>>> print(open('target-v6.pdb').read())   # PDB, N, CA, C and O atoms
MODEL        1
ATOM      1  N   LEU F1045     137.858 153.722  83.820
ATOM      2  CA  LEU F1045     139.089 153.044  83.424
ATOM      3  C   LEU F1045     138.724 151.960  82.413
ATOM      4  O   LEU F1045     138.022 151.009  82.756
ATOM      5  N   SER F1046     139.178 152.106  81.206
ATOM      6  CA  SER F1046     138.876 151.110  80.180
ATOM      7  C   SER F1046     139.742 149.865  80.380
ATOM      8  O   SER F1046     140.774 149.901  81.067
ATOM      9  N   ARG F1047     139.320 148.792  79.773
ATOM     10  CA  ARG F1047     140.071 147.533  79.854
ATOM     11  C   ARG F1047     141.475 147.719  79.293
ATOM     12  O   ARG F1047     142.467 147.291  79.893
ATOM     13  N   ALA F1048     141.566 148.357  78.157
ATOM     14  CA  ALA F1048     142.865 148.579  77.517
ATOM     15  C   ALA F1048     143.780 149.428  78.399
ATOM     16  O   ALA F1048     144.976 149.133  78.537
ATOM     17  N   HIS F1049     143.213 150.463  79.012
ATOM     18  CA  HIS F1049     144.011 151.326  79.876
ATOM     19  C   HIS F1049     144.462 150.565  81.122
ATOM     20  O   HIS F1049     145.612 150.702  81.563
ATOM     21  N   PHE F1050     143.564 149.772  81.690
ATOM     22  CA  PHE F1050     143.933 148.947  82.844
ATOM     23  C   PHE F1050     145.094 148.019  82.482
ATOM     24  O   PHE F1050     146.065 147.897  83.226
ATOM     25  N   PHE F1051     144.990 147.313  81.352
ATOM     26  CA  PHE F1051     146.047 146.391  80.932
ATOM     27  C   PHE F1051     147.375 147.139  80.750
ATOM     28  O   PHE F1051     148.434 146.635  81.124
ATOM     29  N   ARG F1052     147.320 148.331  80.184
ATOM     30  CA  ARG F1052     148.524 149.126  79.971
ATOM     31  C   ARG F1052     149.149 149.519  81.316
ATOM     32  O   ARG F1052     150.348 149.357  81.533
ATOM     33  N   LEU F1053     148.327 150.011  82.240
ATOM     34  CA  LEU F1053     148.828 150.388  83.567
ATOM     35  C   LEU F1053     149.355 149.184  84.331
ATOM     36  O   LEU F1053     150.394 149.261  84.995
ATOM     37  N   PHE F1054     148.637 148.071  84.254
ATOM     38  CA  PHE F1054     149.064 146.854  84.936
ATOM     39  C   PHE F1054     150.422 146.406  84.402
ATOM     40  O   PHE F1054     151.319 146.059  85.170
ATOM     41  N   GLY F1055     150.565 146.412  83.085
ATOM     42  CA  GLY F1055     151.825 146.017  82.462
ATOM     43  C   GLY F1055     152.975 146.928  82.843
ATOM     44  O   GLY F1055     154.090 146.468  83.110
ATOM     45  N   GLN F1056     152.716 148.223  82.904
ATOM     46  CA  GLN F1056     153.749 149.182  83.301
ATOM     47  C   GLN F1056     154.154 148.971  84.757
ATOM     48  O   GLN F1056     155.319 149.110  85.114
ATOM     49  N   SER F1057     153.186 148.632  85.586
ATOM     50  CA  SER F1057     153.441 148.476  87.012
ATOM     51  C   SER F1057     154.133 147.159  87.358
ATOM     52  O   SER F1057     155.021 147.126  88.211
ATOM     53  N   THR F1058     153.722 146.078  86.704
ATOM     54  CA  THR F1058     154.238 144.753  87.068
ATOM     55  C   THR F1058     155.210 144.164  86.052
ATOM     56  O   THR F1058     155.954 143.243  86.380
ATOM     57  N   GLY F1059     155.160 144.651  84.834
ATOM     58  CA  GLY F1059     156.017 144.111  83.795
ATOM     59  C   GLY F1059     155.422 142.917  83.058
ATOM     60  O   GLY F1059     156.048 142.365  82.162
ATOM     61  N   VAL F1060     154.221 142.486  83.468
ATOM     62  CA  VAL F1060     153.540 141.360  82.820
ATOM     63  C   VAL F1060     152.061 141.677  82.670
ATOM     64  O   VAL F1060     151.543 142.602  83.296
ATOM     65  N   THR F1061     151.382 140.864  81.869
ATOM     66  CA  THR F1061     149.939 141.036  81.700
ATOM     67  C   THR F1061     149.204 140.467  82.915
ATOM     68  O   THR F1061     149.761 139.649  83.652
ATOM     69  N   PRO F1062     147.948 140.858  83.128
ATOM     70  CA  PRO F1062     147.173 140.288  84.228
ATOM     71  C   PRO F1062     147.068 138.762  84.133
ATOM     72  O   PRO F1062     147.123 138.072  85.155
ATOM     73  N   HIS F1063     146.961 138.233  82.931
ATOM     74  CA  HIS F1063     146.859 136.782  82.754
ATOM     75  C   HIS F1063     148.135 136.083  83.213
ATOM     76  O   HIS F1063     148.072 135.077  83.938
ATOM     77  N   VAL F1064     149.273 136.596  82.833
ATOM     78  CA  VAL F1064     150.552 136.006  83.258
ATOM     79  C   VAL F1064     150.697 136.126  84.771
ATOM     80  O   VAL F1064     151.124 135.181  85.445
ATOM     81  N   PHE F1065     150.324 137.265  85.315
ATOM     82  CA  PHE F1065     150.400 137.477  86.767
ATOM     83  C   PHE F1065     149.545 136.458  87.509
ATOM     84  O   PHE F1065     149.987 135.844  88.486
ATOM     85  N   LEU F1066     148.325 136.236  87.033
ATOM     86  CA  LEU F1066     147.436 135.257  87.648
ATOM     87  C   LEU F1066     148.025 133.850  87.550
ATOM     88  O   LEU F1066     147.980 133.083  88.518
ATOM     89  N   ASN F1067     148.598 133.505  86.417
ATOM     90  CA  ASN F1067     149.203 132.186  86.257
ATOM     91  C   ASN F1067     150.368 131.977  87.214
ATOM     92  O   ASN F1067     150.536 130.890  87.777
ATOM     93  N   VAL F1068     151.164 133.010  87.423
ATOM     94  CA  VAL F1068     152.279 132.910  88.369
ATOM     95  C   VAL F1068     151.747 132.682  89.785
ATOM     96  O   VAL F1068     152.256 131.823  90.514
ATOM     97  N   LEU F1069     150.715 133.430  90.168
ATOM     98  CA  LEU F1069     150.126 133.245  91.502
ATOM     99  C   LEU F1069     149.557 131.834  91.662
ATOM    100  O   LEU F1069     149.764 131.189  92.692
ATOM    101  N   ARG F1070     148.846 131.358  90.654
ATOM    102  CA  ARG F1070     148.285 130.014  90.704
ATOM    103  C   ARG F1070     149.383 128.970  90.845
ATOM    104  O   ARG F1070     149.262 128.031  91.630
ATOM    105  N   LEU F1071     150.460 129.117  90.087
ATOM    106  CA  LEU F1071     151.547 128.157  90.137
ATOM    107  C   LEU F1071     152.245 128.196  91.499
ATOM    108  O   LEU F1071     152.552 127.150  92.075
ATOM    109  N   GLU F1072     152.464 129.381  92.038
ATOM    110  CA  GLU F1072     153.078 129.504  93.362
ATOM    111  C   GLU F1072     152.225 128.828  94.431
ATOM    112  O   GLU F1072     152.738 128.108  95.284
ATOM    113  N   ARG F1073     150.919 129.056  94.387
ATOM    114  CA  ARG F1073     150.021 128.432  95.368
ATOM    115  C   ARG F1073     149.964 126.930  95.180
ATOM    116  O   ARG F1073     149.908 126.173  96.144
ATOM    117  N   ALA F1074     149.975 126.483  93.934
ATOM    118  CA  ALA F1074     149.957 125.051  93.652
ATOM    119  C   ALA F1074     151.215 124.390  94.191
ATOM    120  O   ALA F1074     151.139 123.341  94.859
ATOM    121  N   VAL F1075     152.368 124.977  93.936
ATOM    122  CA  VAL F1075     153.629 124.413  94.421
ATOM    123  C   VAL F1075     153.616 124.336  95.947
ATOM    124  O   VAL F1075     153.977 123.311  96.531
ATOM    125  N   ALA F1076     153.197 125.400  96.597
ATOM    126  CA  ALA F1076     153.154 125.413  98.065
ATOM    127  C   ALA F1076     152.229 124.320  98.593
ATOM    128  O   ALA F1076     152.575 123.611  99.540
ATOM    129  N   SER F1077     151.067 124.155  97.980
ATOM    130  CA  SER F1077     150.121 123.135  98.425
ATOM    131  C   SER F1077     150.629 121.727  98.156
ATOM    132  O   SER F1077     150.472 120.831  98.977
ATOM    133  N   ILE F1078     151.227 121.532  97.003
ATOM    134  CA  ILE F1078     151.734 120.202  96.639
ATOM    135  C   ILE F1078     152.826 119.767  97.604
ATOM    136  O   ILE F1078     152.861 118.618  98.043
ATOM    137  N   VAL F1079     153.704 120.676  97.958
ATOM    138  CA  VAL F1079     154.828 120.344  98.826
ATOM    139  C   VAL F1079     154.402 120.204 100.288
ATOM    140  O   VAL F1079     154.840 119.291 100.982
ATOM    141  N   ALA F1080     153.533 121.081 100.754
ATOM    142  CA  ALA F1080     153.240 121.163 102.181
ATOM    143  C   ALA F1080     152.037 120.349 102.645
ATOM    144  O   ALA F1080     151.869 120.159 103.845
ATOM    145  N   THR F1081     151.189 119.889 101.728
ATOM    146  CA  THR F1081     149.977 119.191 102.148
ATOM    147  C   THR F1081     149.823 117.871 101.410
ATOM    148  O   THR F1081     150.521 117.608 100.433
ATOM    149  N   ASP F1082     148.894 117.076 101.895
ATOM    150  CA  ASP F1082     148.511 115.839 101.210
ATOM    151  C   ASP F1082     147.177 116.019 100.498
ATOM    152  O   ASP F1082     146.504 115.046 100.170
ATOM    153  N   GLU F1083     146.808 117.264 100.269
ATOM    154  CA  GLU F1083     145.538 117.565  99.605
ATOM    155  C   GLU F1083     145.497 116.889  98.235
ATOM    156  O   GLU F1083     146.460 116.974  97.471
ATOM    157  N   PRO F1084     144.401 116.215  97.928
ATOM    158  CA  PRO F1084     144.290 115.593  96.599
ATOM    159  C   PRO F1084     144.369 116.640  95.496
ATOM    160  O   PRO F1084     143.924 117.783  95.660
ATOM    161  N   ILE F1085     144.923 116.243  94.367
ATOM    162  CA  ILE F1085     145.094 117.150  93.238
ATOM    163  C   ILE F1085     143.750 117.705  92.779
ATOM    164  O   ILE F1085     143.636 118.882  92.445
ATOM    165  N   GLY F1086     142.693 116.894  92.809
ATOM    166  CA  GLY F1086     141.364 117.348  92.392
ATOM    167  C   GLY F1086     140.855 118.497  93.238
ATOM    168  O   GLY F1086     140.331 119.485  92.725
ATOM    169  N   GLY F1087     140.998 118.383  94.553
ATOM    170  CA  GLY F1087     140.570 119.454  95.448
ATOM    171  C   GLY F1087     141.397 120.708  95.269
ATOM    172  O   GLY F1087     140.887 121.827  95.310
ATOM    173  N   MET F1088     142.678 120.499  95.067
ATOM    174  CA  MET F1088     143.585 121.619  94.858
ATOM    175  C   MET F1088     143.224 122.367  93.578
ATOM    176  O   MET F1088     143.199 123.595  93.549
ATOM    177  N   SER F1089     142.921 121.615  92.532
ATOM    178  CA  SER F1089     142.588 122.252  91.256
ATOM    179  C   SER F1089     141.333 123.103  91.380
ATOM    180  O   SER F1089     141.272 124.210  90.857
ATOM    181  N   GLU F1090     140.349 122.598  92.099
ATOM    182  CA  GLU F1090     139.112 123.355  92.296
ATOM    183  C   GLU F1090     139.373 124.620  93.111
ATOM    184  O   GLU F1090     138.889 125.698  92.779
ATOM    185  N   ARG F1091     140.160 124.493  94.165
ATOM    186  CA  ARG F1091     140.469 125.634  95.025
ATOM    187  C   ARG F1091     141.232 126.718  94.263
ATOM    188  O   ARG F1091     141.095 127.911  94.543
ATOM    189  N   LEU F1092     142.036 126.312  93.283
ATOM    190  CA  LEU F1092     142.822 127.270  92.504
ATOM    191  C   LEU F1092     142.069 127.827  91.303
ATOM    192  O   LEU F1092     142.607 128.600  90.525
ATOM    193  N   GLY F1093     140.802 127.414  91.145
ATOM    194  CA  GLY F1093     139.966 128.010  90.113
ATOM    195  C   GLY F1093     139.875 127.250  88.809
ATOM    196  O   GLY F1093     139.374 127.785  87.823
ATOM    197  N   PHE F1094     140.328 126.010  88.794
ATOM    198  CA  PHE F1094     140.224 125.197  87.583
ATOM    199  C   PHE F1094     138.941 124.387  87.650
ATOM    200  O   PHE F1094     138.650 123.763  88.674
ATOM    201  N   SER F1095     138.178 124.376  86.568
ATOM    202  CA  SER F1095     136.887 123.690  86.572
ATOM    203  C   SER F1095     137.039 122.172  86.478
ATOM    204  O   SER F1095     136.160 121.440  86.923
ATOM    205  N   VAL F1096     138.135 121.712  85.915
ATOM    206  CA  VAL F1096     138.372 120.278  85.717
ATOM    207  C   VAL F1096     139.798 119.962  86.169
ATOM    208  O   VAL F1096     140.732 120.664  85.778
ATOM    209  N   PRO F1097     139.992 118.924  86.997
ATOM    210  CA  PRO F1097     141.343 118.590  87.444
ATOM    211  C   PRO F1097     142.339 118.375  86.299
ATOM    212  O   PRO F1097     143.509 118.724  86.429
ATOM    213  N   ALA F1098     141.873 117.850  85.181
ATOM    214  CA  ALA F1098     142.767 117.632  84.039
ATOM    215  C   ALA F1098     143.321 118.956  83.507
ATOM    216  O   ALA F1098     144.469 119.018  83.052
ATOM    217  N   HIS F1099     142.535 120.023  83.601
ATOM    218  CA  HIS F1099     143.017 121.333  83.157
ATOM    219  C   HIS F1099     144.142 121.813  84.070
ATOM    220  O   HIS F1099     145.142 122.378  83.615
ATOM    221  N   PHE F1100     143.976 121.591  85.373
ATOM    222  CA  PHE F1100     145.023 121.958  86.321
ATOM    223  C   PHE F1100     146.292 121.153  86.059
ATOM    224  O   PHE F1100     147.398 121.706  86.043
ATOM    225  N   THR F1101     146.136 119.852  85.857
ATOM    226  CA  THR F1101     147.297 118.997  85.595
ATOM    227  C   THR F1101     148.043 119.461  84.349
ATOM    228  O   THR F1101     149.271 119.557  84.340
ATOM    229  N   ARG F1102     147.313 119.771  83.290
ATOM    230  CA  ARG F1102     147.938 120.240  82.058
ATOM    231  C   ARG F1102     148.615 121.602  82.283
ATOM    232  O   ARG F1102     149.741 121.823  81.847
ATOM    233  N   PHE F1103     147.933 122.514  82.984
ATOM    234  CA  PHE F1103     148.511 123.818  83.307
ATOM    235  C   PHE F1103     149.813 123.641  84.084
ATOM    236  O   PHE F1103     150.837 124.250  83.757
ATOM    237  N   PHE F1104     149.788 122.789  85.110
ATOM    238  CA  PHE F1104     150.963 122.591  85.946
ATOM    239  C   PHE F1104     152.100 121.992  85.133
ATOM    240  O   PHE F1104     153.241 122.441  85.209
ATOM    241  N   ARG F1105     151.791 120.983  84.335
ATOM    242  CA  ARG F1105     152.819 120.339  83.512
ATOM    243  C   ARG F1105     153.421 121.334  82.512
ATOM    244  O   ARG F1105     154.636 121.353  82.300
ATOM    245  N   ASP F1106     152.585 122.147  81.910
ATOM    246  CA  ASP F1106     153.064 123.130  80.938
ATOM    247  C   ASP F1106     153.970 124.185  81.574
ATOM    248  O   ASP F1106     154.913 124.663  80.948
ATOM    249  N   HIS F1107     153.693 124.546  82.827
ATOM    250  CA  HIS F1107     154.450 125.618  83.475
ATOM    251  C   HIS F1107     155.585 125.121  84.363
ATOM    252  O   HIS F1107     156.572 125.837  84.549
ATOM    253  N   ALA F1108     155.460 123.922  84.922
ATOM    254  CA  ALA F1108     156.498 123.405  85.816
ATOM    255  C   ALA F1108     157.344 122.315  85.150
ATOM    256  O   ALA F1108     158.400 121.962  85.667
ATOM    257  N   GLY F1109     156.869 121.772  84.057
ATOM    258  CA  GLY F1109     157.645 120.763  83.343
ATOM    259  C   GLY F1109     157.360 119.327  83.732
ATOM    260  O   GLY F1109     157.819 118.409  83.071
ATOM    261  N   VAL F1110     156.622 119.135  84.825
ATOM    262  CA  VAL F1110     156.241 117.789  85.286
ATOM    263  C   VAL F1110     154.815 117.835  85.816
ATOM    264  O   VAL F1110     154.283 118.906  86.111
ATOM    265  N   SER F1111     154.211 116.677  85.985
ATOM    266  CA  SER F1111     152.860 116.622  86.533
ATOM    267  C   SER F1111     152.887 116.966  88.024
ATOM    268  O   SER F1111     153.935 116.857  88.676
ATOM    269  N   PRO F1112     151.746 117.364  88.588
ATOM    270  CA  PRO F1112     151.709 117.671  90.022
ATOM    271  C   PRO F1112     152.121 116.477  90.884
ATOM    272  O   PRO F1112     152.827 116.640  91.875
ATOM    273  N   GLY F1113     151.697 115.270  90.504
ATOM    274  CA  GLY F1113     152.062 114.080  91.272
ATOM    275  C   GLY F1113     153.552 113.817  91.253
ATOM    276  O   GLY F1113     154.158 113.497  92.285
ATOM    277  N   ALA F1114     154.173 113.956  90.082
ATOM    278  CA  ALA F1114     155.621 113.761  89.974
ATOM    279  C   ALA F1114     156.363 114.837  90.762
ATOM    280  O   ALA F1114     157.354 114.557  91.437
ATOM    281  N   PHE F1115     155.867 116.066  90.710
ATOM    282  CA  PHE F1115     156.481 117.161  91.462
ATOM    283  C   PHE F1115     156.425 116.869  92.955
ATOM    284  O   PHE F1115     157.409 117.042  93.671
ATOM    285  N   ARG F1116     155.275 116.397  93.420
ATOM    286  CA  ARG F1116     155.114 116.069  94.844
ATOM    287  C   ARG F1116     156.090 114.973  95.256
ATOM    288  O   ARG F1116     156.731 115.057  96.307
ATOM    289  N   SER F1117     156.222 113.953  94.438
ATOM    290  CA  SER F1117     157.133 112.846  94.753
ATOM    291  C   SER F1117     158.576 113.323  94.860
ATOM    292  O   SER F1117     159.285 112.979  95.802
ATOM    293  N   VAL F1118     159.010 114.120  93.917
ATOM    294  CA  VAL F1118     160.388 114.605  93.915
ATOM    295  C   VAL F1118     160.609 115.596  95.052
ATOM    296  O   VAL F1118     161.639 115.553  95.726
ATOM    297  N   ALA F1119     159.652 116.471  95.294
ATOM    298  CA  ALA F1119     159.789 117.476  96.352
ATOM    299  C   ALA F1119     159.912 116.832  97.725
ATOM    300  O   ALA F1119     160.592 117.349  98.605
ATOM    301  N   ARG F1120     159.304 115.688  97.893
ATOM    302  CA  ARG F1120     159.310 115.024  99.191
ATOM    303  C   ARG F1120     160.511 114.094  99.378
ATOM    304  O   ARG F1120     160.706 113.579 100.458
ATOM    305  N   LEU F1121     161.297 113.872  98.341
ATOM    306  CA  LEU F1121     162.469 113.007  98.466
ATOM    307  C   LEU F1121     163.423 113.513  99.531
ATOM    308  O   LEU F1121     163.942 112.745 100.324
ATOM    309  N   GLY F1122     163.650 114.808  99.541
ATOM    310  CA  GLY F1122     164.585 115.392 100.500
ATOM    311  C   GLY F1122     164.008 115.599 101.887
ATOM    312  O   GLY F1122     164.733 115.880 102.829
ATOM    313  N   SER F1123     162.694 115.418 102.029
ATOM    314  CA  SER F1123     162.077 115.706 103.324
ATOM    315  C   SER F1123     161.858 114.462 104.171
ATOM    316  O   SER F1123     161.375 114.551 105.275
ATOM    317  N   THR F1124     162.216 113.293 103.649
ATOM    318  CA  THR F1124     162.042 112.069 104.433
ATOM    319  C   THR F1124     163.185 111.937 105.422
ATOM    320  O   THR F1124     164.351 112.174 105.088
ATOM    321  N   PRO F1125     162.877 111.567 106.666
ATOM    322  CA  PRO F1125     163.943 111.440 107.666
ATOM    323  C   PRO F1125     164.845 110.261 107.335
ATOM    324  O   PRO F1125     164.391 109.267 106.775
ATOM    325  N   PRO F1126     166.132 110.356 107.646
ATOM    326  CA  PRO F1126     167.049 109.260 107.371
ATOM    327  C   PRO F1126     166.695 108.024 108.188
ATOM    328  O   PRO F1126     166.255 108.128 109.329
ATOM    329  N   ALA F1127     166.878 106.866 107.591
ATOM    330  CA  ALA F1127     166.562 105.600 108.273
ATOM    331  C   ALA F1127     167.651 105.289 109.290
ATOM    332  O   ALA F1127     168.821 105.528 109.074
ATOM    333  N   GLY F1128     167.197 104.699 110.415
ATOM    334  CA  GLY F1128     168.162 104.191 111.398
ATOM    335  C   GLY F1128     168.622 105.185 112.312
ATOM    336  O   GLY F1128     169.191 105.464 113.151
TER     337      GLY F1128
ENDMDL
END
>>> encode(input="target-v6.pdb", output="structure tokens")
Amino acid sequence: LSRAHFFRLFGQSTGVTPHVFLNVLRLERAVASIVATDEPIGGMSERLGFSVPAHFTRFFRDHAGVSPGAFRSVARLGSTPPAG
């Protein structure tokens, strides 16, 4: 199976390239981790395959529109219990 043939079959099967598919998976996992855990962004970036946390931050900002820290802050606004 050549690289070109694999890419063609992958595209026919999923509708996207392997690179786009991987980026979607990374973003989904990042969002889940940011919302559900207090894991530091640096550790999260390494776990998701980014060699430098700044690369993860830029990737996240480019794809989600905000930084991971800002996303975490906004995502948690609705999850705080009401006072009193």
>>> residues_around(input="target-v6.pdb", residues="Phe1115 (chain F)", least_positions_apart="6", cutoff="8 Å", atoms="only N, CA, C and O atoms", output="PyMOL selection string")
chain F and resi 1075+1078-1079+1108-1109+1121
>>> atom_distance(input="target-v6.pdb", atom1="atom O of Val1060 (chain F)", atom2="atom C of Ala1098 (chain F)")
25.0 Å
>>> atom_distance(input="target-v6.pdb", atom1="atom C of Ala1076 (chain F)", atom2="atom C of Arg1102 (chain F)")
16.9 Å
>>> atom_distance(input="target-v6.pdb", atom1="atom O of Arg1091 (chain F)", atom2="atom O of Arg1070 (chain F)")
8.7 Å
>>> closest_residue(input="target-v6.pdb", among="F:His1063, F:Ser1046, F:Ala1080, F:Leu1053", to="Ser1117 (chain F)", atoms="only C-alpha atoms")
F:Ala1080
>>> decode(input="target-v6.pdb", residues="region 1094-1113 of chain F", atoms="N, CA, C and O atoms", output="PDB file, in the first residue's frame")
ATOM      1  N   PHE F1094       2.725  16.999  21.559  1.00  0.00           N
ATOM      2  CA  PHE F1094       3.392  18.250  21.201  1.00  0.00           C
ATOM      3  C   PHE F1094       4.719  18.321  21.936  1.00  0.00           C
ATOM      4  O   PHE F1094       4.778  18.074  23.143  1.00  0.00           O
ATOM      5  N   SER F1095       5.783  18.668  21.228  1.00  0.00           N
ATOM      6  CA  SER F1095       7.112  18.682  21.836  1.00  0.00           C
ATOM      7  C   SER F1095       7.321  19.896  22.742  1.00  0.00           C
ATOM      8  O   SER F1095       8.135  19.842  23.659  1.00  0.00           O
ATOM      9  N   VAL F1096       6.596  20.964  22.490  1.00  0.00           N
ATOM     10  CA  VAL F1096       6.743  22.208  23.253  1.00  0.00           C
ATOM     11  C   VAL F1096       5.348  22.710  23.625  1.00  0.00           C
ATOM     12  O   VAL F1096       4.472  22.774  22.761  1.00  0.00           O
ATOM     13  N   PRO F1097       5.111  23.058  24.899  1.00  0.00           N
ATOM     14  CA  PRO F1097       3.789  23.547  25.288  1.00  0.00           C
ATOM     15  C   PRO F1097       3.299  24.736  24.454  1.00  0.00           C
ATOM     16  O   PRO F1097       2.107  24.845  24.182  1.00  0.00           O
ATOM     17  N   ALA F1098       4.209  25.588  24.020  1.00  0.00           N
ATOM     18  CA  ALA F1098       3.811  26.740  23.203  1.00  0.00           C
ATOM     19  C   ALA F1098       3.202  26.292  21.873  1.00  0.00           C
ATOM     20  O   ALA F1098       2.284  26.938  21.354  1.00  0.00           O
ATOM     21  N   HIS F1099       3.671  25.169  21.339  1.00  0.00           N
ATOM     22  CA  HIS F1099       3.101  24.654  20.091  1.00  0.00           C
ATOM     23  C   HIS F1099       1.663  24.198  20.322  1.00  0.00           C
ATOM     24  O   HIS F1099       0.776  24.424  19.493  1.00  0.00           O
ATOM     25  N   PHE F1100       1.428  23.546  21.460  1.00  0.00           N
ATOM     26  CA  PHE F1100       0.074  23.123  21.801  1.00  0.00           C
ATOM     27  C   PHE F1100      -0.838  24.333  21.979  1.00  0.00           C
ATOM     28  O   PHE F1100      -1.965  24.353  21.471  1.00  0.00           O
ATOM     29  N   THR F1101      -0.355  25.336  22.699  1.00  0.00           N
ATOM     30  CA  THR F1101      -1.158  26.542  22.924  1.00  0.00           C
ATOM     31  C   THR F1101      -1.526  27.202  21.600  1.00  0.00           C
ATOM     32  O   THR F1101      -2.673  27.597  21.382  1.00  0.00           O
ATOM     33  N   ARG F1102      -0.568  27.316  20.696  1.00  0.00           N
ATOM     34  CA  ARG F1102      -0.831  27.919  19.393  1.00  0.00           C
ATOM     35  C   ARG F1102      -1.814  27.053  18.588  1.00  0.00           C
ATOM     36  O   ARG F1102      -2.751  27.565  17.982  1.00  0.00           O
ATOM     37  N   PHE F1103      -1.610  25.732  18.596  1.00  0.00           N
ATOM     38  CA  PHE F1103      -2.521  24.814  17.913  1.00  0.00           C
ATOM     39  C   PHE F1103      -3.940  24.981  18.451  1.00  0.00           C
ATOM     40  O   PHE F1103      -4.900  25.109  17.686  1.00  0.00           O
ATOM     41  N   PHE F1104      -4.080  24.997  19.778  1.00  0.00           N
ATOM     42  CA  PHE F1104      -5.397  25.098  20.390  1.00  0.00           C
ATOM     43  C   PHE F1104      -6.048  26.426  20.038  1.00  0.00           C
ATOM     44  O   PHE F1104      -7.216  26.483  19.663  1.00  0.00           O
ATOM     45  N   ARG F1105      -5.288  27.504  20.141  1.00  0.00           N
ATOM     46  CA  ARG F1105      -5.825  28.831  19.824  1.00  0.00           C
ATOM     47  C   ARG F1105      -6.254  28.910  18.354  1.00  0.00           C
ATOM     48  O   ARG F1105      -7.305  29.472  18.037  1.00  0.00           O
ATOM     49  N   ASP F1106      -5.455  28.355  17.473  1.00  0.00           N
ATOM     50  CA  ASP F1106      -5.778  28.381  16.046  1.00  0.00           C
ATOM     51  C   ASP F1106      -7.043  27.586  15.721  1.00  0.00           C
ATOM     52  O   ASP F1106      -7.802  27.952  14.827  1.00  0.00           O
ATOM     53  N   HIS F1107      -7.280  26.497  16.452  1.00  0.00           N
ATOM     54  CA  HIS F1107      -8.415  25.627  16.143  1.00  0.00           C
ATOM     55  C   HIS F1107      -9.651  25.900  16.994  1.00  0.00           C
ATOM     56  O   HIS F1107     -10.770  25.640  16.544  1.00  0.00           O
ATOM     57  N   ALA F1108      -9.471  26.401  18.211  1.00  0.00           N
ATOM     58  CA  ALA F1108     -10.615  26.649  19.091  1.00  0.00           C
ATOM     59  C   ALA F1108     -10.944  28.140  19.206  1.00  0.00           C
ATOM     60  O   ALA F1108     -12.013  28.493  19.695  1.00  0.00           O
ATOM     61  N   GLY F1109     -10.030  28.988  18.803  1.00  0.00           N
ATOM     62  CA  GLY F1109     -10.296  30.422  18.838  1.00  0.00           C
ATOM     63  C   GLY F1109      -9.863  31.135  20.103  1.00  0.00           C
ATOM     64  O   GLY F1109      -9.874  32.354  20.155  1.00  0.00           O
ATOM     65  N   VAL F1110      -9.507  30.368  21.133  1.00  0.00           N
ATOM     66  CA  VAL F1110      -9.029  30.938  22.404  1.00  0.00           C
ATOM     67  C   VAL F1110      -7.903  30.066  22.942  1.00  0.00           C
ATOM     68  O   VAL F1110      -7.735  28.919  22.525  1.00  0.00           O
ATOM     69  N   SER F1111      -7.162  30.583  23.899  1.00  0.00           N
ATOM     70  CA  SER F1111      -6.089  29.803  24.507  1.00  0.00           C
ATOM     71  C   SER F1111      -6.681  28.702  25.391  1.00  0.00           C
ATOM     72  O   SER F1111      -7.839  28.797  25.822  1.00  0.00           O
ATOM     73  N   PRO F1112      -5.902  27.662  25.689  1.00  0.00           N
ATOM     74  CA  PRO F1112      -6.409  26.598  26.562  1.00  0.00           C
ATOM     75  C   PRO F1112      -6.824  27.121  27.938  1.00  0.00           C
ATOM     76  O   PRO F1112      -7.838  26.695  28.485  1.00  0.00           O
ATOM     77  N   GLY F1113      -6.056  28.059  28.496  1.00  0.00           N
ATOM     78  CA  GLY F1113      -6.399  28.616  29.804  1.00  0.00           C
ATOM     79  C   GLY F1113      -7.708  29.375  29.782  1.00  0.00           C
ATOM     80  O   GLY F1113      -8.541  29.238  30.688  1.00  0.00           O
TER      81      GLY F1113
END
